[in-house]
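Q: Dropping in target_39.txt, which is compact mmCIF, C-alpha atoms:
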# COMPACT_ATOMS: atom_id res chain seq x y z
CA MET A 1363 16.20 -11.79 -7.62
CA LYS A 1364 16.08 -14.16 -4.67
CA ASN A 1365 12.61 -13.03 -3.63
CA LEU A 1366 10.76 -13.76 -6.87
CA LEU A 1367 12.44 -17.13 -7.38
CA GLU A 1368 11.53 -18.15 -3.88
CA HIS A 1369 8.07 -16.72 -4.46
CA THR A 1370 7.61 -19.01 -7.46
CA GLY A 1371 8.63 -22.11 -5.56
CA ILE A 1372 12.41 -22.38 -5.20
CA GLU A 1373 13.08 -23.45 -1.60
CA PRO A 1374 14.73 -20.92 0.69
CA GLY A 1375 18.34 -22.05 1.14
CA ARG A 1376 18.87 -23.14 -2.46
CA LEU A 1377 19.81 -19.79 -3.86
CA HIS A 1378 22.77 -17.88 -2.39
CA PHE A 1379 24.54 -14.64 -3.14
CA SER A 1380 27.89 -13.40 -1.88
CA TRP A 1381 30.60 -10.92 -2.71
CA VAL A 1382 34.05 -12.43 -3.02
CA SER A 1383 37.04 -10.40 -4.13
CA SER A 1384 39.62 -12.05 -6.40
CA ALA A 1385 42.07 -11.68 -3.51
CA GLU A 1386 39.85 -13.52 -1.04
CA SER A 1387 40.62 -17.13 -1.93
CA THR A 1388 39.96 -18.48 1.56
CA LYS A 1389 36.62 -16.71 1.72
CA PHE A 1390 35.72 -18.21 -1.63
CA VAL A 1391 36.42 -21.73 -0.36
CA GLU A 1392 34.38 -21.11 2.77
CA VAL A 1393 31.44 -19.72 0.82
CA VAL A 1394 31.46 -22.65 -1.60
CA LYS A 1395 31.67 -25.14 1.28
CA LYS A 1396 28.78 -23.50 3.11
CA ILE A 1397 26.59 -23.36 0.01
CA THR A 1398 27.29 -26.96 -1.04
CA GLU A 1399 26.44 -28.23 2.41
CA GLU A 1400 23.20 -26.29 2.58
CA VAL A 1401 22.08 -27.24 -0.91
CA LYS A 1402 22.99 -30.91 -0.42
CA ALA A 1403 20.82 -30.96 2.67
CA LEU A 1404 17.83 -29.90 0.55
CA ASN A 1405 18.23 -32.83 -1.87
CA SER A 1406 17.71 -32.36 -5.58
CA ASN A 1407 15.13 -30.07 -7.12
CA LYS A 1408 13.89 -31.36 -10.47
CA ALA A 1409 11.54 -28.44 -11.16
CA TYR A 1410 13.90 -26.94 -13.70
CA ALA A 1411 15.27 -30.19 -15.11
CA LYS A 1412 14.06 -30.80 -18.62
CA THR A 1413 13.23 -34.32 -19.68
CA LYS A 1414 13.96 -35.47 -23.20
CA PRO A 1415 10.82 -35.61 -25.30
CA LYS A 1416 9.69 -39.18 -25.88
CA VAL A 1417 9.65 -40.31 -29.49
CA ASP A 1418 7.87 -43.53 -30.31
CA MET B 525 -17.94 8.34 -21.35
CA THR B 526 -19.11 10.04 -24.57
CA ALA B 527 -18.09 13.31 -22.93
CA TYR B 528 -14.51 11.99 -22.71
CA THR B 529 -14.63 10.87 -26.35
CA ASP B 530 -15.89 14.27 -27.52
CA LYS B 531 -13.29 16.14 -25.51
CA ILE B 532 -10.46 13.88 -26.72
CA ARG B 533 -11.54 14.39 -30.36
CA GLU B 534 -11.80 18.15 -29.83
CA ILE B 535 -8.29 18.38 -28.34
CA ALA B 536 -6.83 16.04 -30.97
CA LYS B 537 -8.36 18.02 -33.82
CA ARG B 538 -7.10 21.29 -32.39
CA LEU B 539 -3.56 19.96 -31.92
CA LEU B 540 -3.47 18.50 -35.43
CA ALA B 541 -5.03 21.55 -37.09
CA GLU B 542 -2.60 23.91 -35.34
CA LYS B 543 0.21 21.53 -36.32
CA LYS B 544 1.39 21.38 -32.74
CA VAL B 545 1.83 17.64 -33.11
CA ASP B 546 2.41 15.28 -36.04
CA MET B 547 0.11 12.59 -34.69
CA VAL B 548 -2.23 11.83 -31.86
CA ILE B 549 -2.10 8.37 -30.34
CA GLY B 550 -5.39 7.19 -28.90
CA PHE B 551 -7.87 4.35 -29.15
CA ARG B 552 -10.36 3.45 -31.85
CA LYS B 553 -12.94 0.72 -32.10
CA GLY B 554 -11.24 -2.44 -33.20
CA SER B 555 -12.52 -5.60 -34.81
CA LEU B 556 -13.28 -7.16 -31.42
CA PRO B 557 -15.68 -5.84 -28.81
CA LEU B 558 -14.26 -5.29 -25.29
CA LEU B 559 -10.76 -4.43 -26.52
CA HIS B 560 -10.12 -1.23 -28.44
CA GLN B 561 -7.13 -0.95 -30.67
CA PRO B 562 -4.48 1.79 -30.66
CA CYS B 563 -4.84 4.40 -33.35
CA MET B 564 -2.44 7.02 -34.66
CA ALA B 565 -4.38 9.95 -36.04
CA THR B 566 -2.31 12.17 -38.34
CA SER B 567 -5.02 14.51 -39.62
CA PRO B 568 -7.95 16.33 -37.97
CA GLU B 569 -10.37 14.13 -39.98
CA ALA B 570 -8.73 10.95 -38.68
CA ALA B 571 -9.23 12.20 -35.13
CA ASP B 572 -12.94 11.45 -35.54
CA GLU B 573 -12.06 7.79 -35.10
CA LEU B 574 -10.81 8.30 -31.55
CA VAL B 575 -12.97 6.87 -28.77
CA TRP B 576 -12.83 6.46 -25.01
CA ASP B 577 -14.70 4.04 -22.77
CA SER B 578 -13.92 1.13 -20.45
CA CYS B 579 -12.41 -1.06 -23.18
CA CYS B 580 -9.16 0.93 -23.48
CA SER B 581 -7.13 -1.63 -21.54
CA LEU B 582 -3.93 -1.45 -23.56
CA ASN B 583 -1.12 0.91 -22.66
CA LEU B 584 -0.43 3.59 -25.26
CA ALA B 585 3.04 4.43 -23.90
CA ASN B 586 4.06 1.27 -25.77
CA TYR B 587 3.84 3.18 -29.07
CA LEU B 588 6.18 6.01 -28.08
CA THR B 589 9.46 4.10 -28.04
CA ASP B 590 12.18 5.89 -30.02
CA ARG B 591 9.67 8.01 -31.95
CA LYS B 592 11.08 11.17 -33.52
CA GLU B 593 7.81 13.01 -34.25
CA ARG B 594 5.93 15.39 -32.00
CA ILE B 595 3.19 13.31 -30.49
CA GLY B 596 -0.09 13.97 -28.75
CA ILE B 597 -0.95 11.01 -26.58
CA VAL B 598 -4.08 10.08 -24.68
CA ALA B 599 -3.02 8.83 -21.26
CA LYS B 600 -4.86 7.38 -18.31
CA GLY B 601 -3.12 7.08 -14.93
CA CYS B 602 -1.01 4.03 -15.72
CA ASP B 603 -0.15 5.18 -19.26
CA SER B 604 1.14 8.46 -17.84
CA ARG B 605 3.35 6.56 -15.38
CA ASN B 606 4.77 4.55 -18.26
CA ILE B 607 5.38 7.78 -20.18
CA VAL B 608 7.40 8.99 -17.17
CA THR B 609 9.35 5.71 -17.24
CA HIS B 610 9.97 6.14 -20.98
CA ILE B 611 11.28 9.67 -20.43
CA LEU B 612 13.56 8.48 -17.58
CA GLU B 613 14.89 5.70 -19.81
CA ASN B 614 15.54 8.12 -22.70
CA LYS B 615 13.05 6.45 -25.01
CA ILE B 616 11.25 9.71 -25.75
CA LYS B 617 11.75 13.38 -24.87
CA ARG B 618 9.26 15.31 -22.76
CA GLU B 619 9.37 18.19 -25.29
CA GLN B 620 8.08 15.90 -28.04
CA LEU B 621 4.95 15.07 -26.13
CA TYR B 622 1.59 16.69 -25.58
CA ILE B 623 -0.09 14.52 -23.01
CA ILE B 624 -3.88 14.45 -22.98
CA GLY B 625 -4.63 13.23 -19.46
CA VAL B 626 -7.68 11.08 -18.82
CA PRO B 627 -8.89 10.59 -15.23
CA CYS B 628 -9.68 6.87 -15.23
CA THR B 629 -12.34 4.92 -13.40
CA GLY B 630 -10.93 1.57 -14.41
CA MET B 631 -11.03 -0.69 -17.42
CA ILE B 632 -13.14 -3.82 -17.70
CA ASP B 633 -11.79 -7.35 -17.67
CA ARG B 634 -12.73 -8.91 -21.00
CA HIS B 635 -11.68 -12.39 -19.90
CA LYS B 636 -14.02 -12.20 -16.92
CA ILE B 637 -16.92 -11.02 -19.06
CA CYS B 638 -16.32 -13.51 -21.89
CA ALA B 639 -16.25 -16.36 -19.36
CA MET B 640 -19.77 -15.43 -18.22
CA PHE B 641 -21.35 -16.26 -21.56
CA ASP B 642 -21.40 -19.41 -23.63
CA SER B 643 -21.62 -17.69 -26.98
CA GLU B 644 -19.59 -14.89 -28.49
CA ILE B 645 -20.13 -11.30 -27.41
CA THR B 646 -20.56 -9.06 -30.43
CA ALA B 647 -21.39 -5.70 -28.92
CA VAL B 648 -20.96 -3.76 -25.72
CA LYS B 649 -22.62 -0.51 -24.72
CA GLU B 650 -21.64 1.59 -21.77
CA GLU B 651 -23.74 4.07 -19.90
CA GLY B 652 -22.50 5.47 -16.63
CA ASP B 653 -21.71 2.51 -14.42
CA SER B 654 -23.65 -0.05 -16.41
CA LEU B 655 -22.47 -2.16 -19.32
CA THR B 656 -24.82 -3.89 -21.69
CA VAL B 657 -23.18 -6.79 -23.49
CA SER B 658 -25.00 -8.57 -26.24
CA GLY B 659 -24.51 -11.29 -28.80
CA ASP B 660 -26.54 -13.73 -30.84
CA GLY B 661 -29.80 -14.10 -28.94
CA PHE B 662 -28.74 -12.63 -25.61
CA SER B 663 -28.26 -9.30 -23.94
CA LYS B 664 -27.32 -8.61 -20.36
CA THR B 665 -26.63 -5.54 -18.29
CA LEU B 666 -23.66 -5.72 -15.93
CA SER B 667 -22.29 -3.38 -13.32
CA LYS B 668 -18.99 -1.89 -14.40
CA PRO B 669 -17.36 -1.70 -10.93
CA GLU B 670 -17.85 -5.47 -10.59
CA MET B 671 -16.32 -6.17 -13.97
CA LEU B 672 -13.12 -4.19 -13.47
CA ARG B 673 -9.75 -5.78 -14.09
CA ASP B 674 -7.99 -6.84 -10.87
CA ASN B 675 -5.33 -4.15 -11.26
CA CYS B 676 -7.95 -1.44 -11.83
CA ALA B 677 -10.05 -2.56 -8.88
CA ALA B 678 -7.01 -2.09 -6.62
CA CYS B 679 -5.54 0.95 -8.41
CA THR B 680 -4.38 3.91 -6.36
CA HIS B 681 -3.14 6.10 -9.24
CA ARG B 682 -6.18 6.69 -11.42
CA ASN B 683 -5.29 10.25 -12.38
CA PRO B 684 -2.42 10.99 -14.74
CA VAL B 685 0.79 12.04 -12.98
CA LEU B 686 2.06 14.00 -15.97
CA TYR B 687 -0.13 15.84 -18.48
CA ASP B 688 -0.47 19.00 -20.53
CA GLU B 689 -4.24 19.06 -20.59
CA MET B 690 -6.92 17.05 -18.83
CA VAL B 691 -10.16 15.97 -20.49
CA ALA B 692 -12.07 16.20 -17.20
CA GLU B 693 -11.69 16.97 -13.52
CA PRO B 694 -9.54 14.45 -11.61
CA VAL B 695 -11.42 11.51 -10.12
CA SER B 696 -11.04 10.63 -6.46
CA GLU B 697 -8.33 8.08 -5.74
CA GLN B 698 -9.32 4.80 -4.14
CA THR B 699 -8.32 4.23 -0.55
CA GLY B 700 -8.38 1.08 1.50
CA VAL B 701 -7.57 -1.20 -1.44
CA ASP B 702 -4.68 -3.63 -1.28
CA PRO B 703 -2.93 -4.09 -4.65
CA TYR B 704 -0.83 -6.90 -3.20
CA ALA B 705 -3.54 -9.08 -1.68
CA SER B 706 -2.94 -11.99 -4.06
CA VAL B 707 0.85 -11.78 -3.57
CA LYS B 708 0.39 -12.08 0.17
CA LYS B 709 -1.83 -15.11 -0.33
CA ILE B 710 0.90 -16.84 -2.35
CA GLU B 711 3.62 -15.81 0.10
CA ALA B 712 1.81 -17.79 2.78
CA LEU B 713 2.10 -21.04 0.81
CA SER B 714 4.87 -23.63 1.14
CA PRO B 715 7.56 -23.82 -1.59
CA ALA B 716 5.93 -26.91 -3.14
CA GLU B 717 2.50 -25.26 -3.16
CA LYS B 718 3.95 -22.10 -4.69
CA GLN B 719 5.57 -24.13 -7.41
CA ALA B 720 2.31 -25.97 -8.11
CA TYR B 721 0.43 -22.67 -8.18
CA PHE B 722 2.69 -21.10 -10.79
CA ASP B 723 2.96 -24.30 -12.84
CA ASP B 724 -0.81 -24.38 -13.03
CA LEU B 725 -1.05 -20.64 -13.73
CA ILE B 726 1.04 -20.83 -16.90
CA SER B 727 0.04 -24.33 -18.00
CA THR B 728 -2.09 -22.92 -20.82
CA CYS B 729 0.59 -20.50 -22.11
CA ILE B 730 1.11 -20.84 -25.86
CA ARG B 731 4.26 -18.68 -25.96
CA CYS B 732 2.67 -16.17 -28.34
CA TYR B 733 4.48 -13.31 -26.53
CA ALA B 734 1.39 -11.08 -26.65
CA CYS B 735 2.17 -10.08 -23.04
CA ARG B 736 5.61 -8.92 -24.09
CA ASN B 737 4.37 -7.11 -27.18
CA ALA B 738 1.66 -5.25 -25.26
CA CYS B 739 4.09 -4.21 -22.52
CA PRO B 740 5.46 -0.65 -22.77
CA LEU B 741 8.58 -1.77 -20.91
CA CYS B 742 9.52 -4.42 -23.48
CA TYR B 743 11.26 -2.38 -26.13
CA CYS B 744 14.59 -4.22 -26.60
CA PRO B 745 15.53 -4.35 -30.31
CA THR B 746 15.93 -8.12 -29.95
CA CYS B 747 14.12 -9.75 -27.06
CA PHE B 748 15.99 -12.45 -25.14
CA VAL B 749 13.42 -15.01 -26.26
CA ASP B 750 14.07 -14.27 -29.93
CA GLU B 751 17.84 -14.29 -29.62
CA SER B 752 19.42 -17.45 -30.98
CA ARG B 753 23.11 -16.66 -30.58
CA PRO B 754 23.35 -17.27 -27.68
CA GLN B 755 19.99 -18.87 -27.07
CA TRP B 756 19.13 -17.73 -23.55
CA VAL B 757 15.94 -19.71 -23.19
CA GLY B 758 14.49 -22.77 -24.92
CA LYS B 759 11.81 -21.98 -27.47
CA SER B 760 9.69 -25.07 -26.87
CA GLN B 761 6.39 -25.61 -25.07
CA ASP B 762 8.28 -27.52 -22.38
CA PRO B 763 6.96 -26.34 -18.98
CA VAL B 764 10.51 -25.48 -17.89
CA ASP B 765 11.02 -23.20 -20.90
CA VAL B 766 7.63 -21.57 -20.43
CA LYS B 767 8.33 -20.88 -16.77
CA THR B 768 11.82 -19.56 -17.52
CA PHE B 769 10.31 -17.13 -20.02
CA HIS B 770 7.73 -15.83 -17.57
CA ILE B 771 10.17 -15.39 -14.70
CA LEU B 772 12.76 -13.65 -16.89
CA ARG B 773 10.15 -11.40 -18.46
CA ALA B 774 9.08 -10.35 -14.98
CA TYR B 775 12.66 -9.59 -13.92
CA HIS B 776 13.08 -7.28 -16.90
CA CYS B 777 10.16 -5.25 -15.52
CA ALA B 778 11.54 -5.01 -11.96
CA GLY B 779 11.24 -1.48 -10.59
CA ARG B 780 9.64 -0.34 -13.86
CA CYS B 781 6.25 -2.05 -13.92
CA THR B 782 3.27 0.22 -13.25
CA ASP B 783 0.81 -2.67 -13.03
CA CYS B 784 -1.10 -1.31 -16.04
CA GLY B 785 -2.39 -4.78 -16.89
CA ALA B 786 -1.75 -4.52 -20.64
CA CYS B 787 -0.06 -7.95 -20.49
CA GLU B 788 -3.15 -9.62 -19.09
CA ALA B 789 -5.51 -7.73 -21.38
CA ALA B 790 -3.53 -8.89 -24.40
CA CYS B 791 -3.17 -12.53 -23.30
CA PRO B 792 -5.36 -14.70 -25.53
CA MET B 793 -5.45 -17.43 -22.89
CA GLY B 794 -6.42 -15.19 -19.98
CA ILE B 795 -3.35 -16.05 -17.92
CA LYS B 796 -2.79 -13.86 -14.86
CA VAL B 797 0.76 -12.95 -15.82
CA ARG B 798 0.73 -10.04 -13.39
CA GLU B 799 1.23 -12.53 -10.55
CA PHE B 800 4.93 -12.50 -11.44
CA THR B 801 5.46 -8.74 -11.82
CA LYS B 802 3.31 -7.85 -8.83
CA LYS B 803 5.67 -9.63 -6.46
CA LEU B 804 8.53 -7.49 -7.78
CA ASN B 805 6.42 -4.34 -7.42
CA LYS B 806 5.73 -5.26 -3.82
CA ASP B 807 9.44 -5.90 -3.16
CA CYS B 808 10.36 -2.56 -4.72
CA LEU B 809 7.87 -0.77 -2.52
CA GLU B 810 9.01 -2.56 0.64
CA LEU B 811 12.76 -2.43 -0.01
CA TYR B 812 13.12 0.95 -1.71
CA GLY B 813 9.79 2.71 -1.07
CA TRP B 814 9.46 2.91 -4.83
CA GLU B 815 6.50 2.87 -7.15
CA ALA B 816 7.40 3.20 -10.80
CA GLY B 817 6.61 6.24 -12.91
CA LEU B 818 5.44 8.70 -10.30
CA THR B 819 8.16 11.30 -10.69
CA LEU B 820 10.69 12.56 -13.21
CA LYS B 821 12.96 13.79 -10.41
CA GLN B 822 14.19 10.49 -9.05
CA ARG B 823 16.11 7.67 -10.76
CA PRO B 824 14.61 4.18 -10.43
CA PRO B 825 16.17 2.07 -7.63
CA LEU B 826 17.77 -0.44 -9.98
CA ASP B 827 19.86 2.14 -11.83
CA THR B 828 21.27 3.87 -8.78
CA PHE B 829 23.40 2.75 -5.86
CA LYS B 830 23.01 3.89 -2.30
CA PRO B 831 25.23 2.80 0.58
CA ASN B 832 22.12 1.89 2.59
CA ASP B 833 20.58 -0.36 -0.08
CA PRO B 834 19.19 -3.51 1.54
CA GLU B 835 21.65 -6.42 1.31
CA GLU B 836 20.32 -9.10 3.63
CA PHE B 837 20.52 -11.61 0.79
CA ILE B 838 24.33 -11.49 0.69
CA ILE B 839 26.09 -14.23 2.64
CA ARG B 840 28.62 -12.89 5.12
CA ILE B 841 31.45 -15.08 6.33
Could you quickly redo this structure as structure tokens?
A:
Amino acid sequence: MKNLLEHTGIEPGRLHFSWVSSAESTKFVEVVKKITEEVKALNSNKAYAKTKPKVD
Amino acid sequence: MTAYTDKIREIAKRLLAEKKVDMVIGFRKGSLPLLHQPCMATSPEAADELVWDSCCSLNLANYLTDRKERIGIVAKGCDSRNIVTHILENKIKREQLYIIGVPCTGMIDRHKICAMFDSEITAVKEEGDSLTVSGDGFSKTLSKPEMLRDNCAACTHRNPVLYDEMVAEPVSEQTGVDPYASVKKIEALSPAEKQAYFDDLISTCIRCYACRNACPLCYCPTCFVDESRPQWVGKSQDPVDVKTFHILRAYHCAGRCTDCGACEAACPMGIKVREFTKKLNKDCLELYGWEAGLTLKQRPPLDTFKPNDPEEFIIRI
């Protein structure tokens, strides 16, 4: 999954995967913190943001 | 190639006359030169329509899905690998099939040939390794090995992997070719360049879904692109929707694609859609040592679990 998306131009570091059990609340917080920090550092990626069609 | 055609007709007639099969799936001349159309012959007389040459780019395994009849099918290397995939995915039973194996020397790239001429090609004649294409006021002889599709030029499974009868002796397999050369070229680019490459690649896509329809792997009763409740992907020509479609279509072929090139052969715009699936094929080979459709004895990597499956992509904390 990660490989093809990065192959087509998603920057490494934007896409993350992890296993978190429903009992691992602290791990969940840590994972989310880590991911948000890394993704924020990459700034926004507008490649998949759709713009509204312009109607004159 | 006429020897192949004669032999295929002979086998098809015999199977149909002996009532060993209810139909024989093969190719016949279609309305366009350079791309033969699939044909289902149900009587020995109809088998006279069957042909074989270098314009049989489509994949006949596509027509087997959920069939109940006994079927004779003409299969080149890649078709036979897709038949194996179909059997593994319970889309057809081995007992229903009589596979007429065709050792293949590659199919020609009609987009490449059409691009060489300004006017329309109306006829093509093949003799040995030379192709004579002609149209209104022109005629030119080309060398077949130079006109092969990219996937055929780098093919390492030309002979059928599963068959009941072969129409000729197996051909020698190519060595020293790299099927993943173009993937490696893209891998070396920066993320922004990769994005630009793929945006440009699919910029002419008209969302006709010919690639999906020609693909033997795409047999879902309702494809995700046609679904409207929920609507998984936008149906517009917006570049984001087009790209989403192509990436998702490729994922659905992960670990199953045999690189038969039917998608590219069917594409009316000549888009190299295999650039998406080829990356997944390369990953499957590197991560799981897997090439689709080579054996009936092993389950594909994505429907089994092994404790030593690669998992570098999972974050550990």
Q: When you get a sec, could you note down which chain A residues fall within 9 Å of chain B, using only C-alpha atoms, as a PyMOL selection string?
A: chain A and resi 1363-1374+1378-1381+1389+1392-1393+1409-1413+1415
Q: Near B:Trp814, within 9 Å and counting all atoms listed in the file, which residues show up once chain neighbours fewer than 4 positions away are dropped, as a PyMOL selection string?
A: chain B and resi 779+805+807-810+818+824-825
Q: Might you pull out every residue within 9 Å of B:Gly630, with only C-alpha atoms counted and same-chain residues fewer than 2 positions away left off, and present them as a PyMOL selection string?
A: chain B and resi 578+581+628+632+668-669+672-673+675-677+679+682
Q: Please return, as JSON, numbers by chain, all polymer residues that have at least one atom within 6 Å of the point (22.8, -21.3, 0.2); use all atoms listed in the file and the file's own coordinate frame.
A: {"A": [1375, 1376, 1377, 1378, 1397, 1400]}
Q: How about saving the chosen residues, C-alpha atoms kept, as a tab-separated table (two decimals), in the coordinates of the input?
A:
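New file out.tsv:
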chain	number	residue	atom	x	y	z
A	1375	GLY	CA	18.34	-22.05	1.14
A	1376	ARG	CA	18.87	-23.14	-2.46
A	1377	LEU	CA	19.81	-19.79	-3.86
A	1378	HIS	CA	22.77	-17.88	-2.39
A	1397	ILE	CA	26.59	-23.36	0.01
A	1400	GLU	CA	23.20	-26.29	2.58
Q: Please list as a PyMOL selection string every residue within 12 Å of B:Glu619, counting all atoms listed in the file and excluding residues in the same chain fewer than 6 positions away.
A: chain B and resi 544-545+592-596+611+687-688
Q: Please indicate the distance in Å from atom CA of B:Cys638 to atom CA of B:Cys787, rounded to one decimal place.
A: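 Value for the atom CA of B:Cys638-atom CA of B:Cys787 distance: 17.2 Å.
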Q: Point out the residue among A:Glu1399, A:Val1394, A:Lys1414, A:Lys1408 with the least atom-to-atom distance to A:Val1382, counting only C-alpha atoms.
A: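 Counting only C-alpha atoms, the residue closest to A:Val1382 is A:Val1394.
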Q: Can you tell me how far atom CA of B:Thr782 sits from atom CA of B:Leu666, in Å to one decimal?
A: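 Separation of atom CA of B:Thr782 and atom CA of B:Leu666: 27.7 Å.
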Q: Near stretch 693-700 of chain B, within 12 Å and counting all atoms listed in the file, which residues show up once chain neighbours fewer than 4 positions away are dropped, as a PyMOL selection string?
A: chain B and resi 527-528+600-601+625-630+676-685+687+689+704-705
Q: Using Å and a single decimal, report how far atom CA of B:Cys784 sits from atom CA of B:Leu655.
A: 21.6 Å
Q: If we count all atoms listed in the file, what is near B:Phe551 at a cut-off of 7 Å, once residues fewer than 5 positions away on the same chain are taken out, given as a list in words?
A: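 The neighbour list is His560, Gln561, Pro562, Cys563, Leu574, Val575, Trp576 and Cys580 of chain B.
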Q: With only C-alpha atoms counted and 12 Å as the cut-off, give the residues of stretch 721-834 of chain B in contact with stretch 602-608 of chain B, each with its shortest interatomic distance in Å and the pair that gives it, as a tab-separated table.
A:
residue	atom	partner	partner_atom	distance
B:Cys739	CA	B:Asn606	CA	9.8
B:Pro740	CA	B:Asn606	CA	6.9
B:Leu741	CA	B:Asn606	CA	7.8
B:Cys742	CA	B:Asn606	CA	11.4
B:Cys777	CA	B:Asn606	CA	11.5
B:Gly779	CA	B:Asn606	CA	11.7
B:Arg780	CA	B:Asn606	CA	8.2
B:Cys781	CA	B:Asn606	CA	8.0
B:Thr782	CA	B:Cys602	CA	6.2
B:Asp783	CA	B:Cys602	CA	7.4
B:Cys784	CA	B:Cys602	CA	5.4
B:Gly785	CA	B:Cys602	CA	9.0
B:Ala786	CA	B:Cys602	CA	9.9
B:Glu815	CA	B:Arg605	CA	9.6
B:Ala816	CA	B:Arg605	CA	7.0
B:Gly817	CA	B:Arg605	CA	4.1
B:Leu818	CA	B:Arg605	CA	5.9
B:Thr819	CA	B:Val608	CA	6.9
B:Leu820	CA	B:Val608	CA	6.3
B:Lys821	CA	B:Val608	CA	10.0
B:Gln822	CA	B:Val608	CA	10.7
B:Arg823	CA	B:Val608	CA	10.9
B:Pro824	CA	B:Val608	CA	11.0
Q: Can I get the selected residues back with C-alpha atoms, as a PDB file, in the frame of the given file?
A:
ATOM      1  CA  CYS B 739       4.090  -4.210 -22.520  1.00  0.00           C
ATOM      2  CA  PRO B 740       5.460  -0.650 -22.770  1.00  0.00           C
ATOM      3  CA  LEU B 741       8.580  -1.770 -20.910  1.00  0.00           C
ATOM      4  CA  CYS B 742       9.520  -4.420 -23.480  1.00  0.00           C
ATOM      5  CA  CYS B 777      10.160  -5.250 -15.520  1.00  0.00           C
ATOM      6  CA  GLY B 779      11.240  -1.480 -10.590  1.00  0.00           C
ATOM      7  CA  ARG B 780       9.640  -0.340 -13.860  1.00  0.00           C
ATOM      8  CA  CYS B 781       6.250  -2.050 -13.920  1.00  0.00           C
ATOM      9  CA  THR B 782       3.270   0.220 -13.250  1.00  0.00           C
ATOM     10  CA  ASP B 783       0.810  -2.670 -13.030  1.00  0.00           C
ATOM     11  CA  CYS B 784      -1.100  -1.310 -16.040  1.00  0.00           C
ATOM     12  CA  GLY B 785      -2.390  -4.780 -16.890  1.00  0.00           C
ATOM     13  CA  ALA B 786      -1.750  -4.520 -20.640  1.00  0.00           C
ATOM     14  CA  GLU B 815       6.500   2.870  -7.150  1.00  0.00           C
ATOM     15  CA  ALA B 816       7.400   3.200 -10.800  1.00  0.00           C
ATOM     16  CA  GLY B 817       6.610   6.240 -12.910  1.00  0.00           C
ATOM     17  CA  LEU B 818       5.440   8.700 -10.300  1.00  0.00           C
ATOM     18  CA  THR B 819       8.160  11.300 -10.690  1.00  0.00           C
ATOM     19  CA  LEU B 820      10.690  12.560 -13.210  1.00  0.00           C
ATOM     20  CA  LYS B 821      12.960  13.790 -10.410  1.00  0.00           C
ATOM     21  CA  GLN B 822      14.190  10.490  -9.050  1.00  0.00           C
ATOM     22  CA  ARG B 823      16.110   7.670 -10.760  1.00  0.00           C
ATOM     23  CA  PRO B 824      14.610   4.180 -10.430  1.00  0.00           C
TER      24      PRO B 824
END
Q: Draw an axis-aligned box tight on the listed atoms of stretch 1412-1418 of chain A, then pad every side by 3 Å and write out centre and edge lengths in Å to one decimal as lines of an AutoDock Vina configuration file.
A:
center_x = 11.0
center_y = -37.2
center_z = -24.5
size_x = 12.2
size_y = 18.7
size_z = 17.7
Q: Which is closer to B:Gly794 than all the others in B:Leu621, B:Met631, B:Leu540, B:Ala734, using all atoms listed in the file?
A: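 Under the stated criterion, the closest residue is B:Ala734.
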